[in-house]
Amino acid sequence: FFLGFAVGLFAVAAICLLIAFIAKSNQKENCYDERQKYFRSKAIQAAYAVLVVYLILYGMLNSVYGIQWFDNFTGSFIGICLSITVFAVICILNDAYVKFQEKPGQTIILFAFLSIVNLGLGFVNVFVRKTCYTNGQLNFDCINLVAGIALLIILVVFIPKQLIDKRNSTAE
């Protein structure tokens, strides 16, 4: 199980590095402008603050009150997804998520695909396999559902924002 997880994690990291390398070679064409950089920095600050507050609450509930709803990995993963969602939503609402010259269509398609896959796997784990709970705690098997929900929230903000911006640019 852990070997499969490590191989999968390595594969994702390799793909991310490849995408980062390709993106870096195209960086001069698609840059964030100053306004986008400003809002991205504000979004990073907000996401970090949300993560810190989440981890403090998670730690207090666990250590002080003995309430543990998730295993440690799942609890940490939920915090990461929460902070990434906050970052993405703030960037999207301030037109700082995609680069200045970039078209958001491919990003929306990718997020929709990843959301559907993760939600599908999450529902299988919750309703078919029924393996998301161990000793009354959410476990590793629910992280697909958490990631799918986070991506769905981002899409629910991203798609209407793009439609509104497109309608406003056509009206001008």
# chains A, B, ... in the order shown; residues from 1 in each chain; ligands from 1
>>> select_by_dssp(residues="range 54-131 of chain A", states="alpha helix (DSSP H)", output="NGL selection string")
:A and (54-63 or 72-93 or 105-123)
>>> atom_distance(atom1="CA of Ala49 in chain A", atom2="CA of Gly75 in chain A")
16.7 Å
>>> atom_distance(atom1="CA of Leu51 in chain A", atom2="CA of Ile80 in chain A")
6.9 Å
>>> residues_around(residues="Phe127 in chain A", least_positions_apart="5", cutoff="12 Å", atoms="only C-alpha atoms", output="list in words")
Leu119, Gly120, Leu121, Gly122, Cys132, Tyr133, Asp141, Cys142 and Leu145 of chain A
>>> write_last_selection(atoms="C-alpha atoms", output="PDB file, in the first residue's frame")
ATOM      1  CA  LEU A 119     -15.390  12.766  -6.584  1.00  0.00           C
ATOM      2  CA  GLY A 120     -15.996   9.437  -8.320  1.00  0.00           C
ATOM      3  CA  LEU A 121     -13.234   7.713  -6.362  1.00  0.00           C
ATOM      4  CA  GLY A 122     -14.424   9.382  -3.168  1.00  0.00           C
ATOM      5  CA  CYS A 132     -13.621   5.982   4.868  1.00  0.00           C
ATOM      6  CA  TYR A 133     -14.052   5.364   8.600  1.00  0.00           C
ATOM      7  CA  ASP A 141      -9.683   6.693   1.859  1.00  0.00           C
ATOM      8  CA  CYS A 142     -11.653   9.956   2.025  1.00  0.00           C
ATOM      9  CA  LEU A 145     -13.582  13.111  -1.814  1.00  0.00           C
TER      10      LEU A 145
END
>>> residues_around(residues="Gly79 in chain A", least_positions_apart="5", cutoff="12 Å", atoms="only C-alpha atoms", output="ChimeraX atom specification")
/A:47-59,70,72-74,84-86,143,146-147,150
>>> residues_around(residues="Asn135 in chain A", least_positions_apart="4", cutoff="12 Å", atoms="only C-alpha atoms", output="short mmCIF file (atom, residue, chain, number, x, y, z; two decimals) with N, CA, C and O atoms, in the first residue's frame")
data_model
loop_
_atom_site.label_atom_id
_atom_site.label_comp_id
_atom_site.auth_asym_id
_atom_site.auth_seq_id
_atom_site.Cartn_x
_atom_site.Cartn_y
_atom_site.Cartn_z
N GLN A 68 -10.83 13.76 17.95
CA GLN A 68 -10.06 13.49 16.73
C GLN A 68 -10.99 12.89 15.69
O GLN A 68 -11.34 11.72 15.75
N TRP A 69 -11.40 13.73 14.73
CA TRP A 69 -12.32 13.30 13.69
C TRP A 69 -11.62 12.61 12.54
O TRP A 69 -12.23 11.88 11.77
N PHE A 70 -10.32 12.88 12.35
CA PHE A 70 -9.57 12.34 11.23
C PHE A 70 -8.29 11.71 11.75
O PHE A 70 -7.80 12.08 12.81
N ASP A 71 -7.70 10.81 10.95
CA ASP A 71 -6.34 10.39 11.27
C ASP A 71 -5.42 11.56 10.92
O ASP A 71 -5.83 12.53 10.29
N THR A 131 -15.04 2.39 3.23
CA THR A 131 -13.77 2.30 3.92
C THR A 131 -13.26 3.64 4.44
O THR A 131 -12.09 3.74 4.83
N ASN A 139 -10.47 8.46 7.44
CA ASN A 139 -9.12 8.00 7.18
C ASN A 139 -8.68 8.37 5.77
O ASN A 139 -9.36 9.11 5.05
#
>>> closest_residue(among="A:Leu17, A:Ala43, A:Ile109, A:Val156", to="Asp95 in chain A", atoms="only C-alpha atoms")
A:Ala43
>>> select_by_dssp(residues="chain A", states="strand (DSSP E)", output="list in words")
Tyr133, Thr134, Gln137 and Leu138 of chain A
>>> residues_around(residues="Gln162 in chain A", least_positions_apart="4", cutoff="8 Å", atoms="only C-alpha atoms", output="JSON, numbers by chain")
{"A": [104, 158, 166]}
>>> write_last_selection(atoms="N, CA and C atoms", output="compact mmCIF listing (two decimals), in the first residue's frame")
# COMPACT_ATOMS: atom_id res chain seq x y z
N PRO A 104 -8.27 30.69 -19.96
CA PRO A 104 -8.61 29.82 -18.82
C PRO A 104 -9.30 28.52 -19.20
N PHE A 158 -14.85 29.67 -10.49
CA PHE A 158 -14.11 29.97 -11.71
C PHE A 158 -15.03 30.13 -12.93
N LYS A 166 -16.47 37.46 -19.57
CA LYS A 166 -16.64 37.40 -21.02
C LYS A 166 -17.81 38.26 -21.46
>>> residues_around(residues="Lys161 in chain A", least_positions_apart="6", cutoff="12 Å", atoms="only C-alpha atoms", output="PyMOL selection string")
chain A and resi 89-97+104+108+154-155+167-168
